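Heads up, model.cif below (mmCIF, C-alpha atoms):
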```cif
data_work
#
loop_
_atom_site.label_atom_id
_atom_site.label_comp_id
_atom_site.auth_asym_id
_atom_site.auth_seq_id
_atom_site.Cartn_x
_atom_site.Cartn_y
_atom_site.Cartn_z
CA MET W 714 24.49 39.09 -101.86
CA ARG W 715 26.58 36.41 -103.51
CA SER W 716 29.84 37.35 -105.23
CA ARG W 717 29.99 37.35 -109.01
CA THR W 718 31.42 34.28 -110.71
CA MET W 719 34.28 34.51 -113.20
CA ASN W 720 31.90 34.03 -116.10
CA GLU W 721 29.54 36.71 -114.83
CA GLN W 722 32.45 39.11 -114.54
CA ALA W 723 33.58 38.16 -118.04
CA ALA W 724 30.17 39.09 -119.41
CA GLY W 725 31.03 42.69 -118.62
CA MET W 726 34.16 42.75 -120.76
CA GLY W 727 34.18 46.01 -122.67
CA PRO W 728 35.09 46.44 -126.34
CA ARG W 729 38.73 47.02 -125.51
CA ALA W 730 39.06 43.55 -124.00
CA SER W 731 36.71 41.67 -126.32
CA LEU W 732 38.10 42.74 -129.69
CA ARG W 733 37.76 39.88 -132.16
CA ILE W 734 40.29 39.28 -134.88
CA THR W 735 39.30 37.31 -137.98
CA ALA W 736 41.19 35.92 -140.94
CA SER W 737 40.02 38.87 -143.03
CA ASP W 738 42.21 41.14 -140.87
CA TYR W 739 45.28 39.44 -142.37
CA PRO W 740 45.65 40.46 -146.04
CA GLY W 741 47.49 38.43 -148.64
CA ARG W 742 48.05 34.70 -148.88
CA ARG W 743 47.57 32.66 -145.71
CA SER W 744 48.41 29.05 -144.93
CA ARG W 745 45.82 26.66 -143.55
CA LEU W 746 47.78 26.73 -140.28
CA CYS W 747 47.41 30.52 -140.09
CA GLU W 748 43.70 30.25 -140.88
CA ASP W 749 43.17 27.73 -138.07
CA VAL W 750 45.20 29.75 -135.54
CA VAL W 751 43.30 32.96 -136.27
CA ALA W 752 39.91 31.23 -136.32
CA GLY W 753 40.71 29.22 -133.19
CA GLU W 754 39.30 26.07 -134.78
CA GLY W 755 40.25 23.24 -137.10
CA ARG W 756 42.65 20.39 -136.37
CA ILE W 757 45.02 22.65 -134.42
CA SER W 758 42.44 24.02 -131.97
CA GLU W 759 42.97 21.32 -129.32
CA PHE W 760 46.58 22.48 -128.90
CA LEU W 761 45.87 26.21 -128.54
CA GLY W 762 43.78 26.57 -125.40
CA PRO W 763 41.11 29.26 -125.13
CA ARG W 764 41.03 32.20 -127.52
CA PHE W 765 42.21 35.50 -126.08
CA ASP W 766 38.68 36.92 -126.48
CA ASP W 767 36.71 33.87 -125.25
CA ALA W 768 35.59 35.32 -121.93
CA THR W 769 33.81 32.18 -120.74
CA ALA W 770 36.78 29.89 -121.39
CA LEU W 771 39.22 32.36 -119.87
CA GLY W 772 37.09 32.64 -116.74
CA GLU W 773 37.05 28.85 -116.41
CA LEU W 774 40.81 28.71 -116.88
CA ILE W 775 41.42 31.32 -114.17
CA SER W 776 39.19 29.36 -111.78
CA ALA W 777 41.15 26.18 -112.54
CA LEU W 778 44.46 27.96 -111.91
CA HIS W 779 43.18 29.16 -108.54
CA ARG W 780 42.69 25.54 -107.47
CA ARG W 781 46.40 24.81 -107.88
CA ASN W 782 49.27 25.48 -105.52
CA TYR W 783 52.46 27.21 -106.66
CA PRO W 784 55.81 28.03 -104.97
CA ARG W 785 54.95 31.72 -105.14
CA SER W 786 57.44 33.01 -102.56
CA GLY W 787 60.39 31.22 -104.16
CA LEU W 788 59.36 32.38 -107.61
CA ALA W 789 58.97 35.99 -106.49
CA ALA W 790 62.41 35.99 -104.86
CA ILE W 791 64.12 34.72 -108.05
CA LEU W 792 62.30 37.17 -110.32
CA LYS W 793 63.01 40.08 -108.00
CA GLU W 794 66.73 39.30 -108.06
CA PHE W 795 66.75 39.38 -111.86
CA ALA W 796 64.72 42.61 -111.90
CA CYS W 797 67.22 44.30 -109.61
CA ALA W 798 70.14 43.12 -111.75
CA VAL W 799 68.68 44.78 -114.87
CA ASP W 800 67.66 48.04 -113.17
CA ALA W 801 63.94 47.42 -113.51
CA PRO W 802 61.64 50.28 -112.39
CA SER W 803 59.91 50.03 -109.02
CA ALA W 804 56.60 49.21 -110.77
CA VAL W 805 58.11 45.88 -111.86
CA GLU W 806 59.05 44.94 -108.30
CA GLU W 807 55.50 45.77 -107.27
CA GLN W 808 54.19 43.38 -109.93
CA ILE W 809 56.49 40.64 -108.67
CA GLU W 810 55.25 41.14 -105.12
CA ARG W 811 51.69 40.71 -106.40
CA LEU W 812 52.64 37.18 -107.45
CA ARG W 813 52.54 36.22 -103.78
CA ASN W 814 48.77 36.83 -103.83
CA ALA W 815 47.04 33.45 -104.11
CA SER W 816 44.51 34.88 -106.59
CA ALA W 817 47.16 36.29 -108.96
CA VAL W 818 47.66 34.78 -112.42
CA THR W 819 50.14 35.51 -115.18
CA VAL W 820 50.10 35.89 -118.95
CA PHE W 821 53.20 35.30 -121.03
CA ALA W 822 54.83 36.26 -124.27
CA GLY W 823 58.35 35.22 -125.18
CA GLN W 824 61.18 35.25 -127.70
CA GLN W 825 64.91 34.72 -128.00
CA ALA W 826 66.99 37.57 -126.60
CA GLY W 827 68.20 38.96 -129.91
CA LEU W 828 70.91 41.58 -130.28
CA PHE W 829 69.41 45.01 -129.51
CA THR W 830 66.05 43.22 -128.87
CA GLY W 831 66.13 41.33 -132.18
CA PRO W 832 63.29 41.60 -134.74
CA LEU W 833 60.47 44.11 -134.29
CA LEU W 834 57.96 41.32 -133.65
CA THR W 835 59.63 40.83 -130.26
CA ILE W 836 58.69 44.36 -129.25
CA TYR W 837 55.12 43.84 -130.48
CA LYS W 838 54.84 40.64 -128.44
CA ALA W 839 56.03 42.32 -125.25
CA LEU W 840 53.78 45.37 -125.66
CA SER W 841 50.78 43.17 -126.48
CA VAL W 842 51.10 40.93 -123.43
CA GLU W 843 51.37 43.94 -121.13
CA ARG W 844 48.23 45.43 -122.67
CA TRP W 845 46.39 42.10 -122.45
CA ALA W 846 47.23 41.73 -118.77
CA ASP W 847 45.59 45.09 -118.07
CA ASP W 848 42.49 44.04 -120.05
CA LEU W 849 42.17 40.73 -118.21
CA GLU W 850 42.63 42.30 -114.81
CA ARG W 851 39.91 44.80 -115.56
CA ALA W 852 37.57 42.11 -116.88
CA PHE W 853 38.01 39.46 -114.17
CA SER W 854 38.95 41.56 -111.12
CA VAL W 855 41.99 39.45 -110.26
CA PRO W 856 45.68 40.43 -110.25
CA VAL W 857 47.16 39.63 -113.69
CA ILE W 858 50.92 39.98 -114.12
CA ALA W 859 52.40 40.39 -117.61
CA CYS W 860 55.57 38.32 -118.09
CA PHE W 861 58.04 37.85 -120.91
CA TRP W 862 59.94 34.58 -121.27
CA ILE W 863 63.50 35.29 -122.41
CA ALA W 864 64.39 32.12 -124.30
CA ASP W 865 68.08 32.31 -123.43
CA ASP W 866 68.26 28.55 -122.97
CA ASP W 867 68.10 28.31 -126.77
CA HIS W 868 71.27 27.03 -128.49
CA ASP W 869 70.87 28.81 -131.84
CA PHE W 870 73.39 31.61 -131.39
CA ALA W 871 73.31 32.48 -135.11
CA GLU W 872 69.67 33.46 -134.69
CA ILE W 873 70.37 36.22 -132.18
CA ASP W 874 73.91 37.45 -132.91
CA HIS W 875 73.03 40.14 -135.47
CA VAL W 876 70.91 43.21 -136.07
CA GLU W 877 69.41 44.54 -139.29
CA PHE W 878 68.47 48.16 -139.88
CA PRO W 879 67.58 50.41 -142.83
CA SER W 880 70.46 52.38 -144.31
CA GLY W 881 69.39 54.52 -147.23
CA THR W 882 67.71 52.21 -149.74
CA ALA W 883 69.43 49.09 -148.37
CA VAL W 884 69.13 46.92 -145.27
CA GLU W 885 72.36 46.60 -143.35
CA ARG W 886 73.24 43.60 -141.21
CA ILE W 887 75.78 43.88 -138.42
CA ARG W 888 76.90 40.67 -136.74
CA TYR W 889 78.40 40.30 -133.30
CA GLU W 890 81.40 37.97 -133.47
CA PRO W 891 82.59 36.98 -130.00
CA SER W 892 86.22 36.15 -129.41
CA GLN W 893 85.12 32.62 -128.54
CA ALA W 894 82.00 31.18 -130.15
CA PRO W 895 79.43 29.56 -127.79
CA SER W 896 79.98 26.17 -129.56
CA GLY W 897 76.44 24.90 -129.13
CA ALA W 898 76.05 25.98 -125.52
CA PRO W 899 72.84 27.74 -124.44
CA VAL W 900 72.87 31.46 -125.16
CA GLY W 901 72.29 32.13 -121.45
CA ARG W 902 75.81 30.91 -120.69
CA HIS W 903 77.46 33.38 -123.04
CA ARG W 904 78.70 36.71 -121.72
CA ILE W 905 79.14 39.53 -124.19
CA ASP W 906 82.82 40.22 -124.77
CA SER W 907 85.00 42.73 -126.62
CA GLY W 908 83.60 41.48 -129.92
CA ILE W 909 80.72 43.91 -129.34
CA GLU W 910 83.00 46.92 -129.87
CA PRO W 911 83.15 46.60 -133.69
CA VAL W 912 79.34 46.41 -133.69
CA PHE W 913 79.09 49.77 -131.94
CA ALA W 914 81.73 51.26 -134.26
CA ARG W 915 79.81 50.07 -137.32
CA LEU W 916 76.54 51.42 -135.93
CA GLU W 917 78.09 54.81 -135.27
CA GLU W 918 79.37 54.85 -138.84
CA GLN W 919 76.13 53.73 -140.49
CA LEU W 920 73.40 55.44 -138.49
CA PRO W 921 72.32 58.82 -139.92
CA GLU W 922 73.15 61.94 -137.97
CA SER W 923 70.37 63.19 -135.73
CA GLU W 924 69.81 64.72 -132.31
CA TYR W 925 69.10 61.22 -130.96
CA LYS W 926 72.08 59.32 -132.35
CA THR W 927 74.47 59.91 -129.45
CA GLY W 928 71.90 59.00 -126.83
CA VAL W 929 70.81 55.83 -128.67
CA LEU W 930 74.37 54.61 -129.03
CA GLN W 931 75.13 55.34 -125.38
CA THR W 932 72.04 53.43 -124.24
CA LEU W 933 72.98 50.42 -126.35
CA LYS W 934 76.54 50.47 -125.03
CA GLU W 935 75.31 50.55 -121.43
CA ALA W 936 72.84 47.70 -121.96
CA TYR W 937 75.19 45.48 -123.99
CA ALA W 938 78.39 46.14 -122.08
CA PRO W 939 81.06 43.41 -122.04
CA GLY W 940 80.41 40.92 -119.25
CA THR W 941 76.63 41.13 -119.65
CA GLY W 942 74.46 38.19 -120.72
CA PHE W 943 72.10 38.52 -123.68
CA GLY W 944 69.04 38.08 -121.46
CA GLU W 945 70.10 40.76 -119.01
CA ALA W 946 71.02 43.13 -121.83
CA PHE W 947 67.64 42.59 -123.47
CA ALA W 948 65.71 43.36 -120.28
CA ARG W 949 67.86 46.35 -119.38
CA LEU W 950 67.38 47.88 -122.82
CA TRP W 951 63.61 47.30 -122.63
CA TYR W 952 63.31 49.28 -119.41
CA ARG W 953 65.40 52.08 -120.91
CA MET W 954 63.06 52.21 -123.91
CA PHE W 955 59.87 51.87 -121.82
CA PRO W 956 60.59 53.29 -118.35
CA ALA W 957 56.91 53.05 -117.34
CA SER W 958 56.72 49.35 -118.22
CA LYS W 959 55.51 46.82 -115.64
CA LEU W 960 56.64 43.81 -117.67
CA VAL W 961 58.31 41.04 -115.63
CA PHE W 962 61.14 39.26 -117.43
CA VAL W 963 61.79 35.57 -116.81
CA SER W 964 65.09 33.99 -117.82
CA GLY W 965 64.62 30.52 -119.25
CA SER W 966 68.21 29.59 -118.37
CA ASP W 967 67.83 30.19 -114.62
CA GLU W 968 68.60 26.86 -112.93
CA ARG W 969 66.54 27.78 -109.87
CA LEU W 970 63.44 28.27 -111.98
CA LYS W 971 64.05 24.88 -113.58
CA ARG W 972 64.14 23.24 -110.15
CA LEU W 973 60.90 24.98 -109.15
CA SER W 974 59.23 23.75 -112.33
CA ALA W 975 60.50 20.16 -112.01
CA PRO W 976 57.14 18.75 -110.78
CA VAL W 977 55.32 20.33 -113.76
CA LEU W 978 57.89 19.02 -116.23
CA ALA W 979 57.77 15.54 -114.68
CA THR W 980 53.98 15.47 -115.03
CA ALA W 981 54.15 16.67 -118.64
CA ALA W 982 56.67 13.93 -119.47
CA LEU W 983 54.37 11.15 -118.31
#
```
Using the file provided, produce a representation of the structure as structure tokens.
Amino acid sequence: MRSRTMNEQAAGMGPRASLRITASDYPGRRSRLCEDVVAGEGRISEFLGPRFDDATALGELISALHRRNYPRSGLAAILKEFACAVDAPSAVEEQIERLRNASAVTVFAGQQAGLFTGPLLTIYKALSVERWADDLERAFSVPVIACFWIADDDHDFAEIDHVEFPSGTAVERIRYEPSQAPSGAPVGRHRIDSGIEPVFARLEEQLPESEYKTGVLQTLKEAYAPGTGFGEAFARLWYRMFPASKLVFVSGSDERLKRLSAPVLATAAL
């Protein structure tokens, strides 16, 4: 009996993995760009790749990825080192080890490493990619590892140095002001310093009293301790919030990852 092809496996995708989203699911005014992205067509379609629910195209993409060679052992070693540094659960290390499997593929989400995770959309992105990896693995019977690209090579410090939260009928903004500004350097080079202490003091003052307040503040202080980078703090806080998570974090500022990806970048530049 011959083995099933990727497309034949995809034909068995259940409703959980084949959910279609249309423009009508997004109420209110929408730009033409939004319409094209949601519909997966129009002038922007050639830049998007296959839709998340296009089983045939996804099967073809997985087959194409299997025909390529990757420095899997070197990649796994770098990612494991980062995972250990941020106290990732054992399930994350197991996911990283699965990367050594020649049939394994990855799916990515990503965002800047904002203070205390940044905007809520970052959390939605990370949760969605982990869910999607499970759906794809079930549909195509190949190892699929969910990854999150921490864009800590970004230079826009003002985009990630603050947090906003509801306080009564207002929205409060608390900004982290380091003793020495990054001055245009990548965020990944900045280590949190004593400037974080006034942020914690303001949070303690503004947050309403509850049975959870002390624990929340303590968790934030442990994740964003002086001497920690924004990327590491982000990942450490994620695993404290979601201890059962299998999400693998990838630091965009890691020089070793840049060297591993040099052949890909050189090809893209041609």
- Test item: residues at most 6 Å from range 887-902 of chain W, all atoms listed in the file, excluding those fewer than 3 positions along its chain, as a list in words: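 My reading of the contact set: Asp865, Asp866, Asp867, His868, Asp874, His875, Val876, Gly908, Ile909 and Ser966 of chain W.
Interatomic distance, CA of Leu761 in chain W against CA of Arg844 in chain W: 20.2 Å.
Here CA of Glu843 in chain W is placed at a distance of 27.1 Å from CA of Ala975 in chain W.
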- Query: Once the PyMOL selection byres ((chain W and resi 799-816) around 7) has been applied to the shown file, what residues remain in the selection, as a PyMOL selection string?
  - Reply: chain W and resi 779+785-786+789+792-793+795-798+817-818+855-856+858+945+948-949+952+956+959-961
- Item | Atom pair CA of Asp766 in chain W / CA of Ser958 in chain W: separation (Å) | 23.4 Å
- Query: From the set W:Lys971, W:Lys926, W:Arg742, W:Arg953, which residue has the shortest atom-to-atom contact distance to Thr830 in chain W, counting all atoms listed in the file?
  - Reply: W:Arg953
- Message: Counting all atoms listed in the file, which residue out of W:Ser907, W:Ser841, W:Ser758, W:Ser854 sits closest to Val820 in chain W?
- Response: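 Smallest distance to Val820 in chain W is found for W:Ser841.
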- Query: Pick from W:Lys934, W:Arg756, W:Arg743, W:Arg780: nearest to Phe947 in chain W, with only C-alpha atoms counted?
  - Reply: W:Lys934
- Taking the file above as input, evaluate the PyMOL selection byres ((chain W and resi 763) around 12) and report the hits as a VMD selection string. chain W and resid 750 to 754 758 to 762 764 to 775
- Note on the structure: In terms of all atoms listed in the file, the residue from W:Glu917, W:Glu922, W:Glu794, W:Asp749 at minimal distance from Phe962 in chain W is W:Glu794
- Message: Which residues, named as in the file, does the PyMOL selection byres ((chain W and resi 930) around 12) pick out? Answer as a PyMOL selection string.
- Response: chain W and resi 829+910+912-929+931-938+950
